[in-house]
file my_file15.cif (mmCIF, C-alpha atoms)
data_my_file
loop_
_atom_site.label_atom_id
_atom_site.label_comp_id
_atom_site.auth_asym_id
_atom_site.auth_seq_id
_atom_site.Cartn_x
_atom_site.Cartn_y
_atom_site.Cartn_z
CA MET A 8 126.29 244.18 155.52
CA SER A 9 124.57 243.14 158.70
CA LYS A 10 126.45 242.24 161.83
CA LEU A 11 129.33 239.84 161.30
CA ILE A 12 128.25 237.13 163.69
CA SER A 13 124.70 236.34 162.70
CA ASP A 14 122.84 233.13 163.49
CA LYS A 15 123.79 231.79 160.08
CA THR A 16 127.53 232.26 160.54
CA LYS A 17 127.25 230.76 164.02
CA GLU A 18 125.59 227.73 162.49
CA ILE A 19 128.29 227.56 159.78
CA PHE A 20 130.95 227.60 162.47
CA LEU A 21 129.37 225.20 164.96
CA GLY A 22 127.95 222.69 162.48
CA PRO A 23 131.28 221.11 161.53
CA LEU A 24 132.24 220.78 165.19
CA GLY A 25 129.28 218.50 165.83
CA LYS A 26 126.50 217.33 163.57
CA ASN A 27 128.30 218.00 160.31
CA ASN A 28 131.80 217.02 161.37
CA PRO A 29 134.15 216.62 158.40
CA VAL A 30 135.76 213.45 159.74
CA THR A 31 132.97 211.57 161.47
CA VAL A 32 130.02 212.57 159.28
CA GLN A 33 131.43 213.61 155.92
CA VAL A 34 134.23 211.02 156.29
CA LEU A 35 136.87 213.34 154.83
CA GLY A 36 140.48 213.61 155.90
CA ILE A 37 140.59 210.05 157.18
CA CYS A 38 144.06 209.43 155.71
CA SER A 39 145.76 212.08 157.79
CA SER A 40 143.82 211.13 160.89
CA LEU A 41 145.50 207.73 160.60
CA ALA A 42 148.93 209.08 159.76
CA VAL A 43 149.60 211.80 162.29
CA THR A 44 147.74 210.70 165.39
CA SER A 45 150.17 208.32 167.05
CA LYS A 46 151.40 211.27 169.11
CA LEU A 47 149.47 214.25 170.44
CA GLU A 48 151.85 217.00 169.35
CA PRO A 49 151.86 216.35 165.58
CA ALA A 50 148.08 215.98 165.73
CA ILE A 51 147.70 219.46 167.23
CA VAL A 52 150.14 220.98 164.75
CA MET A 53 148.43 219.30 161.83
CA GLY A 54 145.00 220.39 163.06
CA LEU A 55 146.08 224.02 163.31
CA SER A 56 147.87 224.03 159.95
CA VAL A 57 144.85 222.59 158.16
CA THR A 58 142.56 225.09 159.88
CA ILE A 59 144.63 228.04 158.69
CA ILE A 60 145.05 226.76 155.14
CA VAL A 61 141.40 225.74 154.69
CA ALA A 62 140.19 229.10 156.00
CA PHE A 63 142.37 231.15 153.66
CA SER A 64 141.97 229.01 150.57
CA ASN A 65 138.21 229.18 151.18
CA VAL A 66 138.42 232.98 151.14
CA ILE A 67 140.48 233.05 147.93
CA ILE A 68 138.21 230.63 146.09
CA SER A 69 135.16 232.48 147.33
CA LEU A 70 136.55 235.76 145.95
CA LEU A 71 137.23 234.11 142.61
CA ARG A 72 134.08 232.01 142.55
CA ASN A 73 132.22 233.97 139.88
CA THR A 74 135.16 233.99 137.48
CA ILE A 75 136.20 230.35 137.66
CA PRO A 76 135.32 228.36 134.52
CA ASN A 77 133.19 225.42 135.54
CA ARG A 78 135.14 222.76 133.67
CA ILE A 79 138.48 223.47 135.29
CA ARG A 80 137.23 224.50 138.72
CA ILE A 81 138.83 221.53 140.53
CA ILE A 82 142.19 222.35 138.94
CA VAL A 83 141.86 225.99 139.95
CA GLN A 84 141.06 224.94 143.51
CA LEU A 85 144.03 222.63 143.60
CA VAL A 86 146.37 225.29 142.25
CA VAL A 87 145.17 227.78 144.87
CA VAL A 88 145.69 225.29 147.69
CA ALA A 89 149.07 224.14 146.42
CA ALA A 90 150.29 227.69 145.85
CA LEU A 91 149.13 228.77 149.30
CA VAL A 92 150.77 225.80 150.99
CA THR A 93 154.01 226.34 149.08
CA VAL A 94 154.15 230.04 149.95
CA VAL A 95 153.47 229.31 153.62
CA SER A 96 156.15 226.63 153.61
CA GLU A 97 158.71 228.98 151.98
CA ILE A 98 157.96 231.72 154.48
CA LEU A 99 158.31 229.28 157.37
CA LYS A 100 161.66 228.11 155.99
CA ALA A 101 162.92 231.68 155.94
CA PHE A 102 161.55 233.05 159.19
CA ALA A 103 160.70 230.08 161.39
CA TYR A 104 163.12 227.41 160.27
CA ASP A 105 162.71 225.25 163.36
CA VAL A 106 158.94 225.13 162.95
CA SER A 107 159.26 224.22 159.29
CA VAL A 108 161.62 221.37 160.14
CA GLN A 109 159.13 220.13 162.71
CA LEU A 110 156.24 220.37 160.28
CA SER A 111 158.24 218.74 157.47
CA VAL A 112 155.88 216.11 156.16
CA TYR A 113 152.63 217.78 157.22
CA ILE A 114 153.07 220.69 154.86
CA GLY A 115 152.88 218.30 151.94
CA LEU A 116 150.09 216.31 153.54
CA ILE A 117 147.91 219.40 153.83
CA ILE A 118 147.59 219.66 150.04
CA THR A 119 146.26 216.13 149.82
CA ASN A 120 143.76 216.60 152.63
CA CYS A 121 140.29 215.88 151.25
CA ILE A 122 138.67 218.38 153.61
CA LEU A 123 140.29 221.24 151.71
CA MET A 124 138.97 220.23 148.32
CA GLY A 125 135.68 219.20 149.88
CA ARG A 126 135.07 222.59 151.47
CA LEU A 127 136.24 224.55 148.45
CA GLU A 128 133.95 222.63 146.16
CA ALA A 129 130.96 222.36 148.49
CA PHE A 130 131.04 225.71 150.23
CA ALA A 131 133.42 228.36 148.95
CA MET A 132 132.20 228.01 145.35
CA GLY A 133 128.76 229.22 146.40
CA ASN A 134 129.16 231.54 149.36
CA ASN A 135 130.64 234.93 150.18
CA PRO A 136 134.20 235.30 151.52
CA TRP A 137 133.30 235.96 155.17
CA GLU A 138 131.04 232.94 155.45
CA SER A 139 133.62 230.86 153.62
CA PHE A 140 136.26 231.96 156.08
CA VAL A 141 134.06 230.97 159.02
CA ASP A 142 133.25 227.68 157.31
CA GLY A 143 136.97 227.02 156.90
CA LEU A 144 137.63 227.72 160.58
CA GLY A 145 134.71 225.53 161.64
CA ASN A 146 135.77 222.60 159.52
CA GLY A 147 139.39 223.02 160.48
CA PHE A 148 138.55 222.90 164.18
CA GLY A 149 136.07 220.08 163.63
CA TYR A 150 138.89 218.11 162.03
CA ALA A 151 141.39 219.17 164.68
CA TRP A 152 139.39 218.03 167.69
CA ILE A 153 138.84 214.57 166.23
CA LEU A 154 142.58 214.29 165.56
CA VAL A 155 143.42 215.43 169.07
CA ALA A 156 140.90 213.01 170.60
CA ILE A 157 142.33 210.06 168.66
CA ALA A 158 145.91 211.09 169.37
CA PHE A 159 145.12 211.45 173.08
CA PHE A 160 144.08 207.81 173.40
CA ARG A 161 146.73 206.49 171.04
CA GLU A 162 149.60 208.21 172.80
CA LEU A 163 148.29 207.52 176.30
CA LEU A 164 147.63 203.82 175.74
CA GLY A 165 150.32 203.21 173.14
CA SER A 166 153.27 205.03 174.67
CA GLY A 167 152.10 205.88 178.19
CA THR A 168 152.87 209.54 177.56
CA LEU A 169 151.05 212.75 176.61
CA LEU A 170 152.92 215.41 174.64
CA SER A 171 155.96 213.23 175.43
CA PHE A 172 155.51 213.65 179.20
CA ARG A 173 155.25 210.36 181.04
CA ILE A 174 151.72 209.88 182.38
CA ILE A 175 151.61 206.22 183.32
CA PRO A 176 154.15 205.90 186.14
CA GLN A 177 157.08 203.52 186.05
CA SER A 178 155.58 201.65 189.03
CA ALA A 179 152.67 200.55 186.81
CA TYR A 180 155.12 198.98 184.37
CA ASP A 181 156.96 197.31 187.22
CA ALA A 182 153.66 195.86 188.37
CA GLY A 183 153.14 194.20 185.00
CA TYR A 184 151.35 196.84 182.93
CA SER A 185 152.57 197.16 179.36
CA ASN A 186 151.87 199.58 176.54
CA ASN A 187 149.45 198.45 173.87
CA GLY A 188 151.61 198.14 170.75
CA LEU A 189 148.55 198.00 168.50
CA MET A 190 147.70 201.56 169.53
CA ILE A 191 150.65 203.08 167.71
CA LEU A 192 149.85 201.26 164.48
CA PRO A 193 147.47 202.86 161.95
CA PRO A 194 144.61 200.28 162.22
CA MET A 195 143.90 201.39 165.78
CA ALA A 196 143.27 204.94 164.55
CA LEU A 197 140.61 203.57 162.24
CA ILE A 198 139.00 201.66 165.11
CA LEU A 199 139.08 204.79 167.29
CA VAL A 200 137.50 206.86 164.50
CA ALA A 201 134.81 204.20 164.28
CA CYS A 202 134.23 204.40 168.05
CA ILE A 203 133.84 208.18 167.84
CA ILE A 204 131.41 207.81 164.93
CA TRP A 205 129.47 205.22 166.93
CA VAL A 206 129.11 207.46 169.98
CA HIS A 207 128.35 210.43 167.74
CA ARG A 208 125.56 208.64 165.87
CA SER A 209 123.97 207.10 168.91
CA ARG A 210 123.68 210.59 170.37
CA ASN A 211 122.42 212.16 167.12
CA LYS A 212 119.67 209.84 165.91
CA GLU A 213 119.03 211.89 162.77
CA LEU A 214 122.46 210.92 161.43
CA GLN A 215 121.59 207.21 161.38
CA GLU A 216 120.82 205.65 158.02
CA LYS A 217 117.66 203.57 157.83
CA MET B 15 130.54 237.03 130.12
CA ASN B 16 130.34 233.37 129.26
CA THR B 17 132.67 231.69 131.70
CA ASN B 18 132.16 228.31 130.07
CA SER B 19 133.51 229.07 126.63
CA ASN B 20 136.67 227.35 125.47
CA ASN B 21 138.54 230.61 124.97
CA TYR B 22 137.72 231.89 128.42
CA THR B 23 138.72 228.60 130.03
CA LEU B 24 141.99 228.52 128.14
CA ILE B 25 142.89 232.12 128.90
CA TYR B 26 141.87 231.69 132.54
CA ALA B 27 144.12 228.66 132.88
CA ILE B 28 147.07 230.39 131.24
CA VAL B 29 146.71 233.54 133.31
CA MET B 30 146.33 231.53 136.48
CA VAL B 31 149.42 229.44 135.81
CA VAL B 32 151.53 232.48 134.92
CA VAL B 33 150.38 234.43 137.97
CA VAL B 34 150.96 231.53 140.33
CA ALA B 35 154.34 230.70 138.77
CA LEU B 36 155.44 234.34 139.07
CA LEU B 37 154.26 234.49 142.66
CA LEU B 38 156.07 231.32 143.65
CA ALA B 39 159.23 232.33 141.79
CA LEU B 40 159.18 235.72 143.49
CA VAL B 41 158.67 234.24 146.93
CA SER B 42 161.30 231.59 146.36
CA SER B 43 164.02 233.89 145.03
CA GLY B 44 163.17 236.65 147.48
CA LEU B 45 163.63 234.37 150.45
CA LYS B 46 166.54 232.35 149.08
CA ASP B 47 169.34 234.11 150.96
CA ILE B 48 167.64 233.91 154.33
CA GLN B 49 166.83 230.26 153.72
CA THR B 50 170.41 229.33 152.80
CA LYS B 51 171.64 231.01 155.97
CA ASN B 52 169.08 229.07 157.96
CA VAL B 53 170.14 225.82 156.35
CA GLU B 54 173.81 226.46 157.16
CA LEU B 55 173.02 227.45 160.72
CA ASP B 56 170.84 224.38 161.05
CA LYS B 57 173.67 222.16 159.82
CA LYS B 58 175.92 223.62 162.49
CA LYS B 59 173.22 222.99 165.08
CA GLN B 60 172.87 219.40 163.91
CA ILE B 61 176.61 218.82 164.14
CA LEU B 62 176.61 220.27 167.64
CA SER B 63 173.60 218.13 168.59
CA SER B 64 175.67 215.00 168.03
CA LEU B 65 177.98 216.33 170.73
CA LYS B 66 175.03 216.79 173.08
CA VAL B 67 175.73 220.50 173.43
CA ASP B 68 172.92 222.45 175.01
CA LEU B 69 172.15 225.30 172.62
CA THR B 70 169.27 226.96 174.43
CA ASN B 71 169.72 230.75 174.41
CA LYS B 72 173.10 230.43 172.71
CA ASP B 73 174.32 231.53 169.34
CA ALA B 74 174.88 228.26 167.51
CA ALA B 75 177.36 229.75 165.03
CA GLU B 76 179.54 231.06 167.84
CA VAL B 77 179.42 227.79 169.79
CA TYR B 78 180.32 225.99 166.58
CA ASN B 79 183.36 228.18 165.99
CA ASN B 80 184.56 227.60 169.53
CA LEU B 81 184.04 223.87 169.72
CA ILE B 82 184.84 222.65 166.22
CA THR B 83 188.58 223.19 166.00
CA LYS B 84 189.21 221.52 162.65
CA GLU B 85 187.27 220.60 159.57
CA LEU B 86 189.11 217.90 157.67
CA THR B 87 188.56 216.72 154.14
CA ILE B 88 189.95 213.23 153.76
CA ASN B 89 189.70 210.41 151.25
CA SER B 90 188.96 206.75 151.82
CA ASP B 91 192.68 206.03 152.40
CA ALA B 92 192.59 208.45 155.31
CA LYS B 93 194.80 210.93 153.48
CA THR B 94 194.04 214.51 154.48
CA LEU B 95 193.14 216.56 151.42
CA SER B 96 192.37 219.85 153.06
CA GLU B 97 192.20 221.43 156.49
CA ILE B 98 190.78 224.76 155.46
CA LYS B 99 187.73 225.64 157.53
CA GLY B 100 184.58 225.83 155.49
CA GLU B 101 185.78 223.49 152.76
CA ALA B 102 184.71 220.27 154.44
CA PHE B 103 181.55 222.00 155.64
CA ALA B 104 180.57 222.82 152.06
CA ILE B 105 180.95 219.23 150.80
CA ASP B 106 177.69 217.86 149.46
CA ILE B 107 177.78 214.26 150.61
CA ILE B 108 174.97 213.31 148.25
CA LYS B 109 177.09 214.28 145.27
CA GLU B 110 180.15 212.63 146.74
CA SER B 111 178.34 209.33 147.24
CA ALA B 112 177.70 209.16 143.49
CA LYS B 113 181.45 209.05 142.83
CA LYS B 114 183.75 206.06 143.15
CA LEU B 115 184.88 205.41 146.70
CA GLU B 116 188.52 206.37 145.97
CA ASP B 117 187.46 209.72 144.50
CA ARG B 118 185.10 210.76 147.27
CA LYS B 119 185.88 213.72 149.49
CA LEU B 120 184.89 212.81 153.02
CA PRO B 121 184.31 215.48 155.66
CA VAL B 122 185.34 214.97 159.27
CA TYR B 123 184.68 217.56 161.94
CA VAL B 124 187.08 217.61 164.85
CA ALA B 125 185.82 219.01 168.11
CA GLN B 126 187.46 219.72 171.43
CA ILE B 127 185.22 219.13 174.40
CA GLU B 128 186.78 219.55 177.84
CA SER B 129 190.19 219.16 176.14
CA LYS B 130 189.22 215.78 174.68
CA THR B 131 189.11 215.27 170.93
CA LYS B 132 185.89 214.09 169.29
CA TYR B 133 185.47 213.15 165.65
CA ILE B 134 182.17 213.81 163.95
CA ILE B 135 181.19 211.91 160.82
CA PRO B 136 178.17 212.83 158.73
CA VAL B 137 175.91 209.99 157.55
CA ARG B 138 173.09 209.89 155.04
CA GLY B 139 170.74 207.15 153.90
CA ASN B 140 167.17 206.26 153.12
CA GLY B 141 164.26 205.73 155.46
CA LEU B 142 160.83 204.53 154.44
CA TRP B 143 159.54 207.64 152.67
CA GLY B 144 162.59 209.75 152.06
CA PRO B 145 166.14 210.55 153.07
CA ILE B 146 167.42 210.25 156.62
CA TRP B 147 170.70 211.72 157.82
CA GLY B 148 172.69 212.41 160.90
CA TYR B 149 176.02 212.97 162.59
CA ILE B 150 177.94 210.46 164.63
CA ALA B 151 180.39 211.78 167.21
CA LEU B 152 183.19 209.39 168.15
CA ASP B 153 185.57 209.50 171.09
CA GLU B 154 189.30 209.90 170.69
CA ASP B 155 189.72 206.15 170.14
CA LYS B 156 187.58 206.50 166.96
CA ASN B 157 185.58 203.52 168.20
CA THR B 158 183.31 204.48 171.08
CA ILE B 159 180.22 206.50 170.14
CA PHE B 160 180.09 209.74 172.09
CA GLY B 161 176.77 210.93 170.73
CA THR B 162 174.53 210.77 167.68
CA TYR B 163 172.09 212.99 165.90
CA PHE B 164 169.52 211.75 163.40
CA SER B 165 166.93 213.56 161.37
CA HIS B 166 164.62 212.76 158.51
CA ALA B 167 162.68 214.42 155.73
CA SER B 168 159.37 212.60 155.84
CA GLU B 169 159.24 209.59 158.13
CA THR B 170 155.91 208.74 159.76
CA PRO B 171 155.36 210.72 162.97
CA GLY B 172 155.30 208.48 166.02
CA LEU B 173 156.87 205.59 164.11
CA GLY B 174 159.92 206.11 161.88
CA ALA B 175 160.18 209.75 162.90
CA GLU B 176 161.16 208.59 166.40
CA ILE B 177 164.77 208.35 165.19
CA ALA B 178 164.93 212.10 165.69
CA LEU B 179 164.15 211.75 169.41
CA PRO B 180 166.83 211.79 172.11
CA THR B 181 165.62 208.46 173.53
CA PHE B 182 166.65 206.68 170.33
CA GLN B 183 169.78 208.72 169.72
CA ASP B 184 171.07 208.33 173.26
CA SER B 185 170.84 204.55 173.07
CA PHE B 186 173.91 204.64 170.80
CA ILE B 187 176.11 206.29 173.41
CA GLY B 188 179.00 204.10 174.54
CA LYS B 189 178.54 201.51 171.80
CA HIS B 190 181.56 200.45 169.76
CA ILE B 191 181.72 200.41 165.98
CA LEU B 192 184.84 198.23 165.78
CA ASN B 193 184.93 194.63 166.94
CA ASP B 194 187.54 193.00 169.18
CA SER B 195 189.88 192.35 166.27
CA ASN B 196 189.70 196.05 165.31
CA GLU B 197 187.54 195.54 162.21
CA PHE B 198 184.74 197.91 161.33
CA VAL B 199 181.37 196.20 161.92
CA SER B 200 179.04 199.15 162.64
CA ILE B 201 176.05 198.87 164.99
CA ALA B 202 172.98 196.69 164.56
CA VAL B 203 169.52 198.21 165.01
CA MET B 204 167.33 195.29 166.01
CA LYS B 205 164.07 194.29 167.57
CA ALA B 206 164.43 193.93 171.33
CA GLY B 207 165.06 190.28 172.09
CA GLN B 208 166.96 189.48 168.91
CA LYS B 209 170.70 189.09 169.21
CA SER B 210 173.29 190.20 166.72
CA ASP B 211 176.20 187.78 166.25
CA ASP B 212 179.15 190.02 165.69
CA LYS B 213 178.23 193.58 166.49
CA GLU B 214 176.88 195.68 169.30
CA GLN B 215 173.22 196.50 168.98
CA ILE B 216 170.52 198.92 169.99
CA ASP B 217 166.74 198.54 170.03
CA ALA B 218 164.86 199.34 166.84
CA ILE B 219 161.70 201.44 166.86
CA ALA B 220 158.42 199.57 167.23
CA GLY B 221 156.38 200.17 164.08
CA GLY B 222 159.35 201.81 162.39
CA THR B 223 161.16 198.73 161.13
CA ILE B 224 162.10 200.04 157.70
CA THR B 225 163.39 203.33 159.09
CA SER B 226 165.34 201.44 161.77
CA LYS B 227 166.88 199.20 159.13
CA GLY B 228 167.61 202.34 157.11
CA VAL B 229 169.57 203.74 160.06
CA GLU B 230 171.51 200.48 160.35
CA LYS B 231 172.37 200.48 156.65
CA MET B 232 173.23 204.17 156.69
CA LEU B 233 175.73 203.66 159.53
CA LEU B 234 177.29 200.68 157.82
CA ASN B 235 177.64 202.38 154.43
CA CYS B 236 178.65 205.85 155.52
CA ILE B 237 180.97 205.11 158.42
CA GLY B 238 182.37 202.25 156.33
CA GLN B 239 183.89 204.81 153.96
CA TYR B 240 186.03 206.04 156.85
CA GLU B 241 187.37 202.60 157.80
CA ALA B 242 191.01 203.49 157.08
CA PHE B 243 190.64 206.73 159.05
CA LEU B 244 189.11 204.91 162.01
CA LYS B 245 191.95 202.41 162.19
CA LYS B 246 194.68 205.00 161.84
#

call {"tool": "encode", "arguments": {"input": "my_file15.cif", "output": "structure tokens"}}
result
Amino acid sequence: MSKLISDKTKEIFLGPLGKNNPVTVQVLGICSSLAVTSKLEPAIVMGLSVTIIVAFSNVIISLLRNTIPNRIRIIVQLVVVAALVTVVSEILKAFAYDVSVQLSVYIGLIITNCILMGRLEAFAMGNNPWESFVDGLGNGFGYAWILVAIAFFRELLGSGTLLSFRIIPQSAYDAGYSNNGLMILPPMALILVACIIWVHRSRNKELQEK
Amino acid sequence: MNTNSNNYTLIYAIVMVVVVALLLALVSSGLKDIQTKNVELDKKKQILSSLKVDLTNKDAAEVYNNLITKELTINSDAKTLSEIKGEAFAIDIIKESAKKLEDRKLPVYVAQIESKTKYIIPVRGNGLWGPIWGYIALDEDKNTIFGTYFSHASETPGLGAEIALPTFQDSFIGKHILNDSNEFVSIAVMKAGQKSDDKEQIDAIAGGTITSKGVEKMLLNCIGQYEAFLKK
């Protein structure tokens, strides 16, 4: 065992934050980036929850990787994710009831997040637990920052608030400014994702298709 | 070992399912008691929320015992069936709503705030994705809304889920659920700009139309059961 933070693990961690971002490059987890980004707070919570779950399910699958029968590997992955999410949700209900009420719908949404299955299948099935853990963290954060970026613009322009604090002053509304109603509807999230992808690709020429 | 053989796959699947089922069953039954306590405490908090009681750094159970002086179980004819504390609290309003209206047990919580009586009525209905519920606190006249509390299981954050925010809940305060001729009409939840003919109204949530309509229907159906009690 060499040192824990080698160049390879650094690359595994940093890749998903930029050039190999799960949302903008691999186009995974789009559904939840539409659903939970109309406000900043749920976006942050969702980003963190996914990060934790993807990191730990990556570790579990990576530990089991040599025993899993090839034909039912997707089912095994799904069972691991679902079991993990259910256990976490039960524990939250018992010891952090308020948090679990707040998370409500996200807990269920985590299971359906494509990033989880994508990382389990593409990475954890073929790499050791430590690297899988780092990969999970990287992808989780890569997903989280996109969500936060989208939610930032949607909440600011759609509701005039950030984390429910009023940012655009009342005087602006009195002077004729009004919130953009389209911002709080799901299509705008898709357009914002597209804008991020656009900026991302124009800065990273190698990502452009010919 | 050949991990692709049928036998291995079958045994692997069976072992996995049994292990996971055992694990989940263990976790679930091990945490059951704490969870039930949490649920009960949360219900008390929700009831108190409709009274706009500030619960920060306070023991909700204690505040509940002090403020809620009576828990009534009534029927749709406004006859009191029971006044024993805990009995009305334990009523499962989902089960009750499956019965015929005459047979339903309806809970009413009676609170004393600054020596004024408030009546709290639980409501439950459907939003877009799942159940929504809440508590409506009425003034002594059983007509003016003193406060409301709404919550939901799985409404869309930022849209339907906004019913759980104080801005929406506070817009009900001071509205009347009876009309001038003392008939129960409930409250309309409508798009700003639209006008309701016969009832008082509050603004619906932009982008949360179905949830808003769900709230409207929930108020109409659930408070409607108490019509005789409200007029008494």

call {"tool": "residues_around", "arguments": {"input": "my_file15.cif", "residues": "B:Gly148", "least_positions_apart": "2", "cutoff": "8 Å", "atoms": "all atoms listed in the file", "output": "number ranges by chain"}}
result
B: 60, 136-138, 146, 150, 162-165

call {"tool": "interface_residues", "arguments": {"input": "my_file15.cif", "of": "chain A", "to": "chain B", "cutoff": "10 Å", "atoms": "all atoms listed in the file", "output": "ChimeraX atom specification"}}
result
/A:42-50,73-80,82-83,86-87,89-91,93-95,97-105,108-113,115,162,166,188-189,191-193

call {"tool": "residues_around", "arguments": {"input": "my_file15.cif", "residues": "B:Val122", "least_positions_apart": "4", "cutoff": "9 Å", "atoms": "all atoms listed in the file", "output": "list in words"}}
result
Lys84, Glu85, Leu86, Thr87, Ile88, Ala102, Phe103, Tyr133, Ile134, Ile135 and Pro136 of chain B

call {"tool": "resolve_selection", "arguments": {"input": "my_file15.cif", "expression": "the PyMOL selection byres ((chain A and resi 150) around 8)", "output": "PDB file with C-alpha atoms, in the frame of the given file"}}
result
ATOM      1  CA  LEU A  24     132.240 220.780 165.190  1.00  0.00           C
ATOM      2  CA  ASN A  28     131.800 217.020 161.370  1.00  0.00           C
ATOM      3  CA  PRO A  29     134.150 216.620 158.400  1.00  0.00           C
ATOM      4  CA  VAL A  30     135.760 213.450 159.740  1.00  0.00           C
ATOM      5  CA  GLY A  36     140.480 213.610 155.900  1.00  0.00           C
ATOM      6  CA  GLY A  54     145.000 220.390 163.060  1.00  0.00           C
ATOM      7  CA  ASN A 146     135.770 222.600 159.520  1.00  0.00           C
ATOM      8  CA  GLY A 147     139.390 223.020 160.480  1.00  0.00           C
ATOM      9  CA  PHE A 148     138.550 222.900 164.180  1.00  0.00           C
ATOM     10  CA  GLY A 149     136.070 220.080 163.630  1.00  0.00           C
ATOM     11  CA  ALA A 151     141.390 219.170 164.680  1.00  0.00           C
ATOM     12  CA  TRP A 152     139.390 218.030 167.690  1.00  0.00           C
ATOM     13  CA  ILE A 153     138.840 214.570 166.230  1.00  0.00           C
ATOM     14  CA  LEU A 154     142.580 214.290 165.560  1.00  0.00           C
TER      15      LEU A 154
END

call {"tool": "resolve_selection", "arguments": {"input": "my_file15.cif", "expression": "the PyMOL selection byres ((chain A and resi 17-20) around 8)", "output": "PyMOL selection string"}}
result
chain A and resi 12-16+21-24+138+141-142+144-146

call {"tool": "atom_distance", "arguments": {"input": "my_file15.cif", "atom1": "atom CA of A:Met195", "atom2": "atom CA of A:Ile157"}}
result
9.3 Å

call {"tool": "resolve_selection", "arguments": {"input": "my_file15.cif", "expression": "the PyMOL selection byres ((chain B and resi 104) around 12)", "output": "list in words"}}
result
Val53, Glu54, Lys57, Lys58, Glu85, Leu86, Thr87, Ile98, Lys99, Gly100, Glu101, Ala102, Phe103, Ile105, Asp106, Ile107, Ile108, Lys109, Glu110, Lys119, Leu120, Pro121, Val122 and Tyr123 of chain B

call {"tool": "residues_around", "arguments": {"input": "my_file15.cif", "residues": "A:Ile175", "least_positions_apart": "4", "cutoff": "12 Å", "atoms": "only C-alpha atoms", "output": "JSON, numbers by chain"}}
result
{"A": [162, 163, 164, 165, 166, 167, 168, 169, 171, 179, 180, 181, 182, 184, 185, 186]}

call {"tool": "atom_distance", "arguments": {"input": "my_file15.cif", "atom1": "atom CA of B:Pro180", "atom2": "atom CA of B:Gly161"}}
result
10.1 Å

call {"tool": "atom_distance", "arguments": {"input": "my_file15.cif", "atom1": "atom CA of B:Leu62", "atom2": "atom CA of B:Thr181"}}
result
17.2 Å

call {"tool": "residues_near_point", "arguments": {"input": "my_file15.cif", "point": "(144.2, 231.2, 149.7)", "cutoff": "10 Å", "atoms": "all atoms listed in the file", "output": "PyMOL selection string"}}
result
chain A and resi 59-70+84+86-92

call {"tool": "closest_residue", "arguments": {"input": "my_file15.cif", "among": "B:Ile216, B:Leu36, B:Leu115, B:Leu69", "to": "B:Phe182", "atoms": "only C-alpha atoms"}}
result
B:Ile216

call {"tool": "residues_around", "arguments": {"input": "my_file15.cif", "residues": "B:Gly139", "least_positions_apart": "4", "cutoff": "8 Å", "atoms": "all atoms listed in the file", "output": "list in words"}}
result
Pro145, Ile146, Trp147, Gly228, Val229, Lys231 and Met232 of chain B

call {"tool": "residues_around", "arguments": {"input": "my_file15.cif", "residues": "A:Ile122", "least_positions_apart": "3", "cutoff": "6 Å", "atoms": "only C-alpha atoms", "output": "PyMOL selection string"}}
result
chain A and resi 35-36+125-126

call {"tool": "write_last_selection", "arguments": {"input": "my_file15.cif", "atoms": "C-alpha atoms", "output": "PDB file, in the coordinates of the input"}}
result
ATOM      1  CA  LEU A  35     136.870 213.340 154.830  1.00  0.00           C
ATOM      2  CA  GLY A  36     140.480 213.610 155.900  1.00  0.00           C
ATOM      3  CA  GLY A 125     135.680 219.200 149.880  1.00  0.00           C
ATOM      4  CA  ARG A 126     135.070 222.590 151.470  1.00  0.00           C
TER       5      ARG A 126
END

call {"tool": "closest_residue", "arguments": {"input": "my_file15.cif", "among": "B:Leu65, B:Ile224, B:Ala74, B:Ile237", "to": "B:Asn157", "atoms": "only C-alpha atoms"}}
result
B:Ile237

call {"tool": "closest_residue", "arguments": {"input": "my_file15.cif", "among": "A:Val200, A:Arg72, A:Pro136, A:Glu213", "to": "A:Thr31", "atoms": "all atoms listed in the file"}}
result
A:Val200

call {"tool": "closest_residue", "arguments": {"input": "my_file15.cif", "among": "B:Asn235, B:Gln215, B:Thr83, B:Ser226", "to": "B:Phe198", "atoms": "all atoms listed in the file"}}
result
B:Asn235

call {"tool": "residues_near_point", "arguments": {"input": "my_file15.cif", "point": "(192.6, 206.7, 149.9)", "cutoff": "7 Å", "atoms": "only C-alpha atoms", "output": "MDAnalysis selection string"}}
result
chainID B and resid 89:93 116
